[in-house]
Every structure is written in C-alpha cells, then in structure tokens.
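S.K.: Dropping in entry-v9.pdb, with PDB, C-alpha atoms, pLDDT in the B column.
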ATOM      1  CA  MET A 596       0.000   0.000   0.000  1.00 46.00           C
ATOM      2  CA  LYS A 597       2.890   2.391   0.766  1.00 46.00           C
ATOM      3  CA  THR A 598       4.330   1.863  -2.720  1.00 45.00           C
ATOM      4  CA  GLN A 599       0.905   2.458  -4.269  1.00 48.00           C
ATOM      5  CA  ALA A 600       0.465   5.663  -2.282  1.00 46.00           C
ATOM      6  CA  VAL A 601       3.885   6.963  -3.336  1.00 44.00           C
ATOM      7  CA  ALA A 602       3.223   6.084  -6.980  1.00 47.00           C
ATOM      8  CA  LEU A 603      -0.170   7.787  -6.913  1.00 44.00           C
ATOM      9  CA  ALA A 604       1.349  10.838  -5.268  1.00 48.00           C
ATOM     10  CA  MET A 605       4.091  11.061  -7.914  1.00 52.00           C
ATOM     11  CA  THR A 606       1.494  10.731 -10.674  1.00 48.00           C
ATOM     12  CA  LEU A 607      -0.692  13.433  -9.193  1.00 46.00           C
ATOM     13  CA  ALA A 608       2.280  15.696  -8.508  1.00 49.00           C
ATOM     14  CA  VAL A 609       3.122  15.617 -12.213  1.00 48.00           C
ATOM     15  CA  ALA A 610      -0.480  16.174 -13.292  1.00 46.00           C
ATOM     16  CA  THR A 611      -1.062  18.962 -10.766  1.00 44.00           C
ATOM     17  CA  ALA A 612       2.159  20.829 -11.513  1.00 44.00           C
ATOM     18  CA  PHE A 613       1.566  20.659 -15.238  1.00 44.00           C
ATOM     19  CA  SER A 614      -2.086  21.649 -15.003  1.00 43.00           C
ATOM     20  CA  ARG A 615      -1.064  24.781 -13.074  1.00 41.00           C
ATOM     21  CA  SER A 616       0.623  26.085 -16.213  1.00 39.00           C
ATOM     22  CA  LEU A 617      -2.484  25.513 -18.330  1.00 37.00           C
ATOM     23  CA  PRO A 618      -5.525  27.779 -18.599  1.00 35.00           C
ATOM     24  CA  ASN A 619      -8.777  26.842 -16.866  1.00 33.00           C
ATOM     25  CA  SER A 620      -7.154  24.360 -14.500  1.00 31.00           C
ATOM     26  CA  SER A 621      -7.879  24.152 -10.789  1.00 27.00           C
ATOM     27  CA  PRO A 622      -4.906  24.709  -8.488  1.00 27.00           C
ATOM     28  CA  MET A 623      -4.280  22.142  -5.794  1.00 25.00           C
ATOM     29  CA  SER A 624      -2.977  22.888  -2.333  1.00 27.00           C
ATOM     30  CA  SER A 625       0.475  21.362  -2.019  1.00 30.00           C
ATOM     31  CA  SER A 626       3.871  21.868  -0.452  1.00 31.00           C
ATOM     32  CA  LEU A 627       5.771  22.613  -3.638  1.00 32.00           C
ATOM     33  CA  VAL A 628       8.954  24.414  -2.676  1.00 35.00           C
ATOM     34  CA  PRO A 629      10.125  27.346  -4.841  1.00 35.00           C
ATOM     35  CA  THR A 630      13.556  26.685  -6.222  1.00 38.00           C
ATOM     36  CA  ASP A 631      15.044  29.920  -4.966  1.00 38.00           C
ATOM     37  CA  THR A 632      15.465  28.087  -1.629  1.00 35.00           C
ATOM     38  CA  SER A 633      17.062  25.017  -3.134  1.00 41.00           C
ATOM     39  CA  PRO A 634      20.772  24.361  -3.733  1.00 45.00           C
ATOM     40  CA  LEU A 635      19.768  21.812  -6.334  1.00 48.00           C
ATOM     41  CA  LEU A 636      17.602  24.230  -8.297  1.00 42.00           C
ATOM     42  CA  PRO A 637      19.104  27.730  -8.013  1.00 38.00           C
ATOM     43  CA  ARG A 638      17.156  30.941  -8.478  1.00 33.00           C
ATOM     44  CA  ALA A 639      19.328  31.881 -11.461  1.00 32.00           C
ATOM     45  CA  VAL A 640      17.216  29.730 -13.757  1.00 33.00           C
ATOM     46  CA  THR A 641      13.723  31.176 -13.884  1.00 32.00           C
ATOM     47  CA  GLY A 642      11.082  31.930 -16.447  1.00 35.00           C
ATOM     48  CA  THR A 643       7.621  33.384 -16.673  1.00 30.00           C
ATOM     49  CA  THR A 644       6.113  30.121 -17.902  1.00 32.00           C
ATOM     50  CA  SER A 645       8.162  27.689 -15.824  1.00 36.00           C
ATOM     51  CA  LEU A 646       7.113  26.045 -12.593  1.00 36.00           C
ATOM     52  CA  LEU A 647      10.454  25.405 -10.913  1.00 47.00           C
ATOM     53  CA  ALA A 648       9.808  23.412  -7.767  1.00 64.00           C
ATOM     54  CA  VAL A 649      10.641  20.367  -5.725  1.00 73.00           C
ATOM     55  CA  ALA A 650       7.843  18.040  -4.655  1.00 68.00           C
ATOM     56  CA  ALA A 651       8.137  15.087  -2.315  1.00 65.00           C
ATOM     57  CA  ALA A 652       5.704  12.292  -3.069  1.00 57.00           C
ATOM     58  CA  ALA A 653       4.967  11.814   0.634  1.00 56.00           C
ATOM     59  CA  ASP A 654       3.853  15.468   0.902  1.00 62.00           C
ATOM     60  CA  TYR A 655       0.543  14.529  -0.689  1.00 58.00           C
ATOM     61  CA  VAL A 656      -1.704  13.007   1.961  1.00 61.00           C
ATOM     62  CA  PRO A 657      -4.906  11.146   0.991  1.00 57.00           C
ATOM     63  CA  ASP A 658      -7.182  14.035   2.003  1.00 61.00           C
ATOM     64  CA  GLU A 659      -5.427  16.280  -0.556  1.00 67.00           C
ATOM     65  CA  VAL A 660      -5.480  13.836  -3.477  1.00 68.00           C
ATOM     66  CA  PRO A 661      -7.921  14.983  -6.182  1.00 75.00           C
ATOM     67  CA  PRO A 662      -9.769  12.591  -8.500  1.00 84.00           C
ATOM     68  CA  LEU A 663      -7.519  10.960 -11.105  1.00 85.00           C
ATOM     69  CA  LYS A 664      -9.671  12.289 -13.933  1.00 85.00           C
ATOM     70  CA  ARG A 665      -9.952  15.857 -12.671  1.00 86.00           C
ATOM     71  CA  ASN A 666      -7.977  17.035 -15.718  1.00 88.00           C
ATOM     72  CA  PRO A 667      -8.221  15.890 -19.352  1.00 92.00           C
ATOM     73  CA  PRO A 668      -5.920  13.003 -20.361  1.00 94.00           C
ATOM     74  CA  ARG A 669      -2.342  13.971 -21.219  1.00 95.00           C
ATOM     75  CA  ASN A 670       0.223  12.629 -23.645  1.00 97.00           C
ATOM     76  CA  ILE A 671       3.372  11.789 -21.679  1.00 98.00           C
ATOM     77  CA  ALA A 672       6.825  10.764 -22.883  1.00 98.00           C
ATOM     78  CA  LEU A 673       8.433   8.666 -20.136  1.00 98.00           C
ATOM     79  CA  LEU A 674      12.210   8.188 -20.411  1.00 98.00           C
ATOM     80  CA  ILE A 675      13.379   5.707 -17.770  1.00 97.00           C
ATOM     81  CA  GLU A 676      16.963   4.709 -17.020  1.00 96.00           C
ATOM     82  CA  PRO A 677      17.789   2.106 -15.820  1.00 94.00           C
ATOM     83  CA  THR A 678      14.851  -0.060 -16.819  1.00 96.00           C
ATOM     84  CA  PRO A 679      12.339  -0.916 -14.076  1.00 96.00           C
ATOM     85  CA  PHE A 680      10.715  -3.672 -16.129  1.00 96.00           C
ATOM     86  CA  THR A 681      13.105  -6.617 -15.779  1.00 93.00           C
ATOM     87  CA  HIS A 682      13.677  -6.775 -12.022  1.00 91.00           C
ATOM     88  CA  VAL A 683      11.897  -6.332  -8.694  1.00 91.00           C
ATOM     89  CA  SER A 684      12.795  -3.385  -6.470  1.00 92.00           C
ATOM     90  CA  GLY A 685      11.265  -0.350  -4.856  1.00 91.00           C
ATOM     91  CA  TYR A 686      12.333   1.678  -7.897  1.00 93.00           C
ATOM     92  CA  ALA A 687      10.604  -0.798 -10.219  1.00 95.00           C
ATOM     93  CA  ASN A 688       7.460  -0.922  -8.085  1.00 94.00           C
ATOM     94  CA  ARG A 689       7.234   2.866  -8.065  1.00 93.00           C
ATOM     95  CA  PHE A 690       7.176   3.122 -11.858  1.00 95.00           C
ATOM     96  CA  ASN A 691       4.878   0.160 -12.345  1.00 95.00           C
ATOM     97  CA  GLU A 692       2.384   1.632  -9.905  1.00 95.00           C
ATOM     98  CA  MET A 693       2.690   5.079 -11.480  1.00 95.00           C
ATOM     99  CA  LEU A 694       1.904   3.584 -14.884  1.00 97.00           C
ATOM    100  CA  ARG A 695      -1.051   1.736 -13.414  1.00 95.00           C
ATOM    101  CA  PHE A 696      -2.512   4.977 -12.075  1.00 94.00           C
ATOM    102  CA  LEU A 697      -1.786   6.832 -15.320  1.00 95.00           C
ATOM    103  CA  SER A 698      -3.685   4.082 -17.127  1.00 96.00           C
ATOM    104  CA  LYS A 699      -6.627   4.516 -14.761  1.00 94.00           C
ATOM    105  CA  ALA A 700      -6.539   8.266 -15.412  1.00 94.00           C
ATOM    106  CA  GLY A 701      -6.747   7.676 -19.166  1.00 95.00           C
ATOM    107  CA  ASP A 702      -3.382   9.259 -19.955  1.00 97.00           C
ATOM    108  CA  ASN A 703      -1.377   8.132 -22.972  1.00 97.00           C
ATOM    109  CA  VAL A 704       2.242   7.211 -22.174  1.00 98.00           C
ATOM    110  CA  ASP A 705       5.078   6.489 -24.606  1.00 98.00           C
ATOM    111  CA  ILE A 706       7.895   4.693 -22.784  1.00 98.00           C
ATOM    112  CA  LEU A 707      11.577   4.645 -23.709  1.00 98.00           C
ATOM    113  CA  THR A 708      14.097   2.705 -21.638  1.00 98.00           C
ATOM    114  CA  VAL A 709      17.372   0.801 -21.983  1.00 97.00           C
ATOM    115  CA  ASP A 710      18.490  -2.726 -21.087  1.00 96.00           C
ATOM    116  CA  ALA A 711      21.774  -3.898 -22.597  1.00 94.00           C
ATOM    117  CA  LYS A 712      21.932  -7.034 -20.451  1.00 93.00           C
ATOM    118  CA  THR A 713      18.647  -8.777 -21.291  1.00 94.00           C
ATOM    119  CA  PRO A 714      18.445 -10.679 -24.618  1.00 94.00           C
ATOM    120  CA  LYS A 715      16.429  -8.740 -27.180  1.00 92.00           C
ATOM    121  CA  GLU A 716      13.795 -11.456 -27.508  1.00 94.00           C
ATOM    122  CA  GLU A 717      13.181 -11.358 -23.747  1.00 95.00           C
ATOM    123  CA  LEU A 718      12.716  -7.598 -23.414  1.00 96.00           C
ATOM    124  CA  PRO A 719       9.224  -6.559 -22.275  1.00 96.00           C
ATOM    125  CA  THR A 720       7.196  -4.779 -24.942  1.00 97.00           C
ATOM    126  CA  GLU A 721       4.293  -3.343 -22.967  1.00 97.00           C
ATOM    127  CA  ARG A 722       3.105  -2.477 -19.476  1.00 97.00           C
ATOM    128  CA  PHE A 723      -0.516  -1.662 -18.588  1.00 96.00           C
ATOM    129  CA  GLY A 724      -1.248  -1.344 -22.294  1.00 96.00           C
ATOM    130  CA  TYR A 725       1.585   1.112 -22.914  1.00 98.00           C
ATOM    131  CA  LYS A 726       4.208   0.219 -25.507  1.00 97.00           C
ATOM    132  CA  ILE A 727       7.794  -0.012 -24.267  1.00 98.00           C
ATOM    133  CA  GLU A 728      10.588   0.924 -26.678  1.00 97.00           C
ATOM    134  CA  HIS A 729      14.249   0.145 -26.016  1.00 97.00           C
ATOM    135  CA  THR A 730      17.216   2.191 -27.194  1.00 97.00           C
ATOM    136  CA  GLN A 731      20.876   1.230 -27.463  1.00 96.00           C
ATOM    137  CA  GLY A 732      22.915   1.478 -24.295  1.00 96.00           C
ATOM    138  CA  PHE A 733      25.897   0.230 -22.334  1.00 95.00           C
ATOM    139  CA  VAL A 734      26.557  -1.469 -19.018  1.00 94.00           C
ATOM    140  CA  PHE A 735      27.781   0.963 -16.377  1.00 87.00           C
ATOM    141  CA  PRO A 736      31.388  -0.065 -15.591  1.00 84.00           C
ATOM    142  CA  LEU A 737      31.244   0.842 -11.880  1.00 77.00           C
ATOM    143  CA  TYR A 738      28.014  -1.110 -11.347  1.00 80.00           C
ATOM    144  CA  ASP A 739      27.397  -3.739 -14.000  1.00 85.00           C
ATOM    145  CA  HIS A 740      23.822  -4.536 -12.924  1.00 86.00           C
ATOM    146  CA  ILE A 741      22.389  -1.526 -14.766  1.00 90.00           C
ATOM    147  CA  SER A 742      22.348  -0.228 -18.333  1.00 95.00           C
ATOM    148  CA  LEU A 743      22.627   3.435 -19.273  1.00 95.00           C
ATOM    149  CA  THR A 744      22.237   5.379 -22.510  1.00 96.00           C
ATOM    150  CA  PHE A 745      22.581   8.745 -24.244  1.00 96.00           C
ATOM    151  CA  ASP A 746      19.881   7.585 -26.727  1.00 97.00           C
ATOM    152  CA  LEU A 747      22.532   7.690 -29.445  1.00 95.00           C
ATOM    153  CA  PRO A 748      22.899   7.109 -32.317  1.00 94.00           C
ATOM    154  CA  GLU A 749      19.248   6.089 -32.750  1.00 94.00           C
ATOM    155  CA  MET A 750      17.627   9.080 -30.998  1.00 96.00           C
ATOM    156  CA  LYS A 751      14.535   6.960 -30.479  1.00 97.00           C
ATOM    157  CA  GLY A 752      13.212   9.505 -28.017  1.00 97.00           C
ATOM    158  CA  ALA A 753      13.093  12.215 -30.665  1.00 97.00           C
ATOM    159  CA  LYS A 754      11.390   9.899 -33.154  1.00 97.00           C
ATOM    160  CA  MET A 755       8.871   8.816 -30.525  1.00 97.00           C
ATOM    161  CA  MET A 756       7.986  12.432 -29.729  1.00 97.00           C
ATOM    162  CA  GLU A 757       7.740  13.388 -33.396  1.00 96.00           C
ATOM    163  CA  ARG A 758       5.173  10.616 -33.923  1.00 96.00           C
ATOM    164  CA  ASN A 759       3.116  11.627 -30.906  1.00 96.00           C
ATOM    165  CA  ARG A 760       4.036  15.021 -29.471  1.00 97.00           C
ATOM    166  CA  PRO A 761       3.770  14.806 -25.682  1.00 98.00           C
ATOM    167  CA  ASP A 762       2.277  17.381 -23.345  1.00 97.00           C
ATOM    168  CA  LEU A 763       5.181  16.752 -20.989  1.00 97.00           C
ATOM    169  CA  ILE A 764       8.390  14.747 -20.767  1.00 98.00           C
ATOM    170  CA  HIS A 765       9.166  12.780 -17.585  1.00 98.00           C
ATOM    171  CA  VAL A 766      12.791  11.669 -17.207  1.00 98.00           C
ATOM    172  CA  THR A 767      14.533   9.811 -14.384  1.00 96.00           C
ATOM    173  CA  SER A 768      17.576  11.315 -12.670  1.00 94.00           C
ATOM    174  CA  PRO A 769      20.489  10.919 -12.293  1.00 93.00           C
ATOM    175  CA  GLY A 770      21.705   9.180 -15.436  1.00 92.00           C
ATOM    176  CA  PHE A 771      22.818   9.705 -19.005  1.00 95.00           C
ATOM    177  CA  MET A 772      19.396   9.564 -20.675  1.00 97.00           C
ATOM    178  CA  LEU A 773      18.726  12.657 -18.603  1.00 95.00           C
ATOM    179  CA  PHE A 774      20.823  14.719 -21.024  1.00 96.00           C
ATOM    180  CA  ALA A 775      18.836  13.415 -23.993  1.00 97.00           C
ATOM    181  CA  GLY A 776      15.663  14.420 -22.175  1.00 97.00           C
ATOM    182  CA  LEU A 777      17.020  17.913 -21.496  1.00 97.00           C
ATOM    183  CA  PHE A 778      17.870  18.281 -25.173  1.00 97.00           C
ATOM    184  CA  TYR A 779      14.490  17.059 -26.429  1.00 97.00           C
ATOM    185  CA  ALA A 780      12.576  19.270 -23.997  1.00 97.00           C
ATOM    186  CA  ARG A 781      14.579  22.356 -24.936  1.00 96.00           C
ATOM    187  CA  VAL A 782      14.484  21.846 -28.709  1.00 97.00           C
ATOM    188  CA  MET A 783      10.816  20.827 -28.838  1.00 97.00           C
ATOM    189  CA  ARG A 784       9.766  23.318 -26.137  1.00 97.00           C
ATOM    190  CA  ILE A 785       7.961  20.718 -24.050  1.00 97.00           C
ATOM    191  CA  PRO A 786       7.571  20.950 -20.229  1.00 97.00           C
ATOM    192  CA  LEU A 787      10.061  18.727 -18.398  1.00 97.00           C
ATOM    193  CA  VAL A 788       9.583  16.757 -15.176  1.00 97.00           C
ATOM    194  CA  LEU A 789      12.597  15.076 -13.541  1.00 96.00           C
ATOM    195  CA  SER A 790      12.195  12.431 -10.835  1.00 95.00           C
ATOM    196  CA  TYR A 791      15.240  12.112  -8.581  1.00 93.00           C
ATOM    197  CA  HIS A 792      15.822   8.515  -7.441  1.00 91.00           C
ATOM    198  CA  THR A 793      19.513   8.114  -6.492  1.00 86.00           C
ATOM    199  CA  HIS A 794      21.369  10.633  -4.367  1.00 86.00           C
ATOM    200  CA  LEU A 795      24.397  11.152  -6.597  1.00 83.00           C
ATOM    201  CA  PRO A 796      26.668  13.007  -4.123  1.00 81.00           C
ATOM    202  CA  LEU A 797      26.424  10.105  -1.652  1.00 79.00           C
ATOM    203  CA  TYR A 798      27.274   7.563  -4.346  1.00 73.00           C
ATOM    204  CA  ALA A 799      30.144   9.777  -5.502  1.00 76.00           C
ATOM    205  CA  ARG A 800      31.499   9.760  -1.948  1.00 74.00           C
ATOM    206  CA  ASN A 801      31.193   5.967  -1.613  1.00 73.00           C
ATOM    207  CA  TYR A 802      32.358   4.895  -5.073  1.00 72.00           C
ATOM    208  CA  GLY A 803      34.306   7.841  -6.492  1.00 75.00           C
ATOM    209  CA  GLY A 804      36.389   8.912  -3.549  1.00 77.00           C
ATOM    210  CA  PHE A 805      39.535   8.561  -5.656  1.00 77.00           C
ATOM    211  CA  ILE A 806      38.329  11.401  -7.912  1.00 79.00           C
ATOM    212  CA  PRO A 807      39.228  14.909  -6.669  1.00 81.00           C
ATOM    213  CA  TYR A 808      36.202  17.079  -5.789  1.00 82.00           C
ATOM    214  CA  HIS A 809      33.834  14.172  -6.460  1.00 82.00           C
ATOM    215  CA  GLU A 810      30.973  15.508  -4.323  1.00 85.00           C
ATOM    216  CA  GLU A 811      31.325  19.032  -5.660  1.00 87.00           C
ATOM    217  CA  MET A 812      31.160  17.733  -9.240  1.00 90.00           C
ATOM    218  CA  ALA A 813      28.111  15.620  -8.401  1.00 87.00           C
ATOM    219  CA  TRP A 814      26.245  18.631  -7.021  1.00 87.00           C
ATOM    220  CA  ALA A 815      27.299  20.751 -10.002  1.00 90.00           C
ATOM    221  CA  LEU A 816      25.912  18.170 -12.428  1.00 90.00           C
ATOM    222  CA  LEU A 817      22.650  17.946 -10.500  1.00 90.00           C
ATOM    223  CA  ARG A 818      22.256  21.729 -10.422  1.00 90.00           C
ATOM    224  CA  PHE A 819      22.924  21.909 -14.143  1.00 92.00           C
ATOM    225  CA  ALA A 820      20.296  19.295 -14.948  1.00 93.00           C
ATOM    226  CA  HIS A 821      17.545  20.078 -12.465  1.00 92.00           C
ATOM    227  CA  SER A 822      17.669  23.841 -12.926  1.00 93.00           C
ATOM    228  CA  ARG A 823      16.478  23.168 -16.468  1.00 94.00           C
ATOM    229  CA  ALA A 824      13.404  21.188 -15.367  1.00 95.00           C
ATOM    230  CA  ASP A 825       9.951  22.616 -14.758  1.00 95.00           C
ATOM    231  CA  LEU A 826       9.463  20.300 -11.789  1.00 94.00           C
ATOM    232  CA  THR A 827      11.630  17.933  -9.762  1.00 94.00           C
ATOM    233  CA  LEU A 828      10.012  15.043  -7.897  1.00 93.00           C
ATOM    234  CA  VAL A 829      11.747  13.339  -4.984  1.00 91.00           C
ATOM    235  CA  THR A 830      10.674  10.169  -3.250  1.00 86.00           C
ATOM    236  CA  SER A 831      10.619  11.205   0.408  1.00 87.00           C
ATOM    237  CA  PRO A 832      10.441  14.233   2.729  1.00 88.00           C
ATOM    238  CA  GLN A 833      13.964  13.386   3.864  1.00 86.00           C
ATOM    239  CA  MET A 834      15.351  13.733   0.341  1.00 85.00           C
ATOM    240  CA  LYS A 835      13.365  16.907  -0.160  1.00 87.00           C
ATOM    241  CA  ALA A 836      15.023  18.335   2.955  1.00 85.00           C
ATOM    242  CA  VAL A 837      18.467  17.440   1.580  1.00 82.00           C
ATOM    243  CA  VAL A 838      17.989  19.154  -1.777  1.00 80.00           C
ATOM    244  CA  CYS A 839      16.190  22.172  -0.319  1.00 77.00           C
ATOM    245  CA  THR A 840      18.608  23.149   2.426  1.00 65.00           C
TER     246      THR A 840
END
Could you render the structure as structure tokens?

M.R.:
Amino acid sequence: MKTQAVALAMTLAVATAFSRSLPNSSPMSSSLVPTDTSPLLPRAVTGTTSLLAVAAAADYVPDEVPPLKRNPPRNIALLIEPTPFTHVSGYANRFNEMLRFLSKAGDNVDILTVDAKTPKEELPTERFGYKIEHTQGFVFPLYDHISLTFDLPEMKGAKMMERNRPDLIHVTSPGFMLFAGLFYARVMRIPLVLSYHTHLPLYARNYGGFIPYHEEMAWALLRFAHSRADLTLVTSPQMKAVVCT
C-alpha cells in the first residue's frame, strides 16, 4: 500500500504541476517548494512560464489527493533509465504503480528505456497497455547490474515524440538519458519533469572517492540538470530536505 500511495502521489504531482501552467485548471494545495530556496535548483534559472519546484511524493496526503480524472488526459513521454521492467525493487514498483494509475486516469504514455543485459527477444514490450521501446545502451562499468544510454545514435526519443508530441516529458535522474531528455525538452519546447531517485553526491562519496572534488562535481551536475526542469520530484520528505537546504 505504501508503494501504491507513493506512486499515486508522484502521478498526481506531475499532473497537478503541469495543469497549473495551463488555462482553466484548478490549483491544488500542495507543499511545492520554490527553487530559490534550493541548492539543487538555483534561483538563477527562472522563467515566466516555468514552474520550478521540488515536490516530495509523501507530501501529498490522501485528504489532498484529487480525482484521477480531474484534468483531461495527457500525452506523456516517459524516459526511464535504468529499466524498471526486468527486475523487482522499490524503484521498479514505483514506476509500475505510477503507470497503473496513469492508465486509470486515461493518460497516454510512450515509454523509452534501456536494457543492454537482457536478450532482445526477452525484453518486455508493454506495461498496462503502454508500448515499451528500447534504445541502445551500455553497461555501467562501476556497477554492471544496470544499463545506461545517451539515446545515441538512434535518438529513439526524438522519433517517438515526433510521432506523438507529448504534453510533458518525464525523465529519471540521475543518469545519461537525462541529457537526452534535457535536449528534447529544450528543442521541442515541451515541459520537463525530472524524478530524482539516487542521491548522486552520496554515491560519488562511496564509489568515487579517488576522484578529486567528487561531491562538488556531483552537485554541479545535478544543479545543471535540475535547474532546467519545470518540476523535480523526490521520493521522500527526507530527500526533499536534503535538496532544499
């Protein structure tokens, strides 16, 4: 039930934040934090049409959750790295539950992910009625259980969005597909949502301690990426406190 609640909250956070930028949409009371208080999302990157904020999924309690179909269905491009579809974990459960709720809401989702370890004939092709496309990638040398990608040379993400232009792009962070998502959102002028799942500075400290200024570089990369998003989602109030202090 906790996983379902978090997934529903993430889904509604995306829908609510995006609907705020559209005409004739009802605002929802939430604890979205303006990015001028966040080291992850500095005030320097602002815009009259952007909603720059950090939302923790757990901030949305059941009494504040609006009906799933309060707003018209959206077209969503979901770029996920690493894949959540070939293993069991909290990360995988979160995306599977989010897709389940998006399906209930009637939203259309185009999914792009990467899995360089699973044989092509065994790759999943759909989830909750949504087609899953796979792009070329590579196994991460420091942790060979996951596959990463720049979505090159195929640029499947761009082709997917040209076929069915999304209302918003949702990309996981941190990772390499993140940079493809930033590029597509900027060039196509589509609102961008980033969901932050792995605290990069901590991993840099644990696995990259031999690299000078590893934590500083990790924070710099995160600021670069997330300051270009319209909304950042985090998975807990604790993580929200870390990125907003």

S.K.: Which one is closest to A:Pro679: A:Pro832, A:Gly803, A:Gly724, A:Pro719? Count only C-alpha atoms.

M.R.: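 Once distances to A:Pro679 are computed over only C-alpha atoms, the minimum belongs to A:Pro719.
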
S.K.: Using all atoms listed in the file, what residues lie at most 12 Å away from (6.7, 10.5, -31.7) (file coordinates), given as a tab-separated table (two decimals) with C-alpha atoms, in the frame of the given file?

M.R.:
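Heads up, here's the output in part11.tsv:
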chain	number	residue	atom	x	y	z
A	670	ASN	CA	0.22	12.63	-23.64
A	671	ILE	CA	3.37	11.79	-21.68
A	672	ALA	CA	6.82	10.76	-22.88
A	673	LEU	CA	8.43	8.67	-20.14
A	704	VAL	CA	2.24	7.21	-22.17
A	705	ASP	CA	5.08	6.49	-24.61
A	706	ILE	CA	7.90	4.69	-22.78
A	707	LEU	CA	11.58	4.64	-23.71
A	728	GLU	CA	10.59	0.92	-26.68
A	750	MET	CA	17.63	9.08	-31.00
A	751	LYS	CA	14.54	6.96	-30.48
A	752	GLY	CA	13.21	9.51	-28.02
A	753	ALA	CA	13.09	12.22	-30.66
A	754	LYS	CA	11.39	9.90	-33.15
A	755	MET	CA	8.87	8.82	-30.52
A	756	MET	CA	7.99	12.43	-29.73
A	757	GLU	CA	7.74	13.39	-33.40
A	758	ARG	CA	5.17	10.62	-33.92
A	759	ASN	CA	3.12	11.63	-30.91
A	760	ARG	CA	4.04	15.02	-29.47
A	761	PRO	CA	3.77	14.81	-25.68
A	762	ASP	CA	2.28	17.38	-23.34
A	764	ILE	CA	8.39	14.75	-20.77
A	779	TYR	CA	14.49	17.06	-26.43
A	783	MET	CA	10.82	20.83	-28.84

S.K.: Hey, which of A:Ile675, A:Ala700, A:Tyr802, A:Val683 ends up closest to A:Leu663? Count only C-alpha atoms.

M.R.: A:Ala700

S.K.: Report, in Å with one decimal, the straight-line distance from atom CA of A:His792 to atom CA of A:Arg665.

M.R.: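 So the answer is 27.3 Å.
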
S.K.: Which value, in Å to one decimal, gives the distance between atom CA of A:Phe733 and atom CA of A:Ile785?

M.R.: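 A separation of 27.3 Å between them.
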
S.K.: My list of candidates is A:Phe723, A:Leu743, A:Arg823, A:Leu797. Which is closest to A:Glu692 when distances are computed with only C-alpha atoms?

M.R.: A:Phe723

S.K.: Could you tell me how far atom CA of A:Tyr798 lies from atom CA of A:Gln833, in Å and to one decimal?

M.R.: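 Computed distance, atom CA of A:Tyr798 to atom CA of A:Gln833, equals 16.7 Å.
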
S.K.: Point out the residue among A:Phe696, A:Phe745, A:Tyr738, A:Tyr791 with the least atom-to-atom distance to A:Phe771, counting all atoms listed in the file.

M.R.: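 Once distances to A:Phe771 are computed over all atoms listed in the file, the minimum belongs to A:Phe745.
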
S.K.: As number ranges by chain, please: the residues near A:Asn801 (cut-off 10 Å, all atoms listed in the file, same-chain neighbours under 6 positions excluded).

M.R.: A: 795, 809-810

S.K.: Extract, using all atoms listed in the file, all DNA, RNA and protein residues at most 6 Å from A:Val709, discarding same-chain residues fewer than 6 positions from it, and format them as a ChimeraX atom specification.

M.R.: /A:678,729-730

S.K.: Residues of the last selection are to be written out with C-alpha atoms, as a PDB file, in the frame of the given file.

M.R.:
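Result file is selection18.pdb:
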ATOM      1  CA  THR A 678      14.851  -0.060 -16.819  1.00 96.00           C
ATOM      2  CA  HIS A 729      14.249   0.145 -26.016  1.00 97.00           C
ATOM      3  CA  THR A 730      17.216   2.191 -27.194  1.00 97.00           C
TER       4      THR A 730
END

S.K.: So what does the PyMOL selection byres ((chain A and resi 682) around 12) actually pick up in this one, as a list of chain:residue names?

M.R.: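 Against this file, the PyMOL selection byres ((chain A and resi 682) around 12) returns the residues A:Pro677, A:Thr678, A:Pro679, A:Phe680, A:Thr681, A:Val683, A:Ser684, A:Gly685, A:Tyr686, A:Ala687, A:Asn688, A:Phe690, A:Asn691, A:Asp710, A:Lys712, A:Thr713, A:Leu718, A:Pro719, A:His740, A:Ile741.
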
S.K.: Which of these residues is nearest to A:Pro796, using all atoms listed in the file: A:His821, A:Thr708, A:Val837, A:Ala775?

M.R.: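 Answer, going by the shortest atom-to-atom distance: A:Val837.
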
S.K.: Using the chain letters and numbers from this file, what does the PyMOL selection byres ((chain A and resi 772) around 7) select? Give the answer as a PyMOL selection string.

M.R.: chain A and resi 676+744-746+770-771+773-776
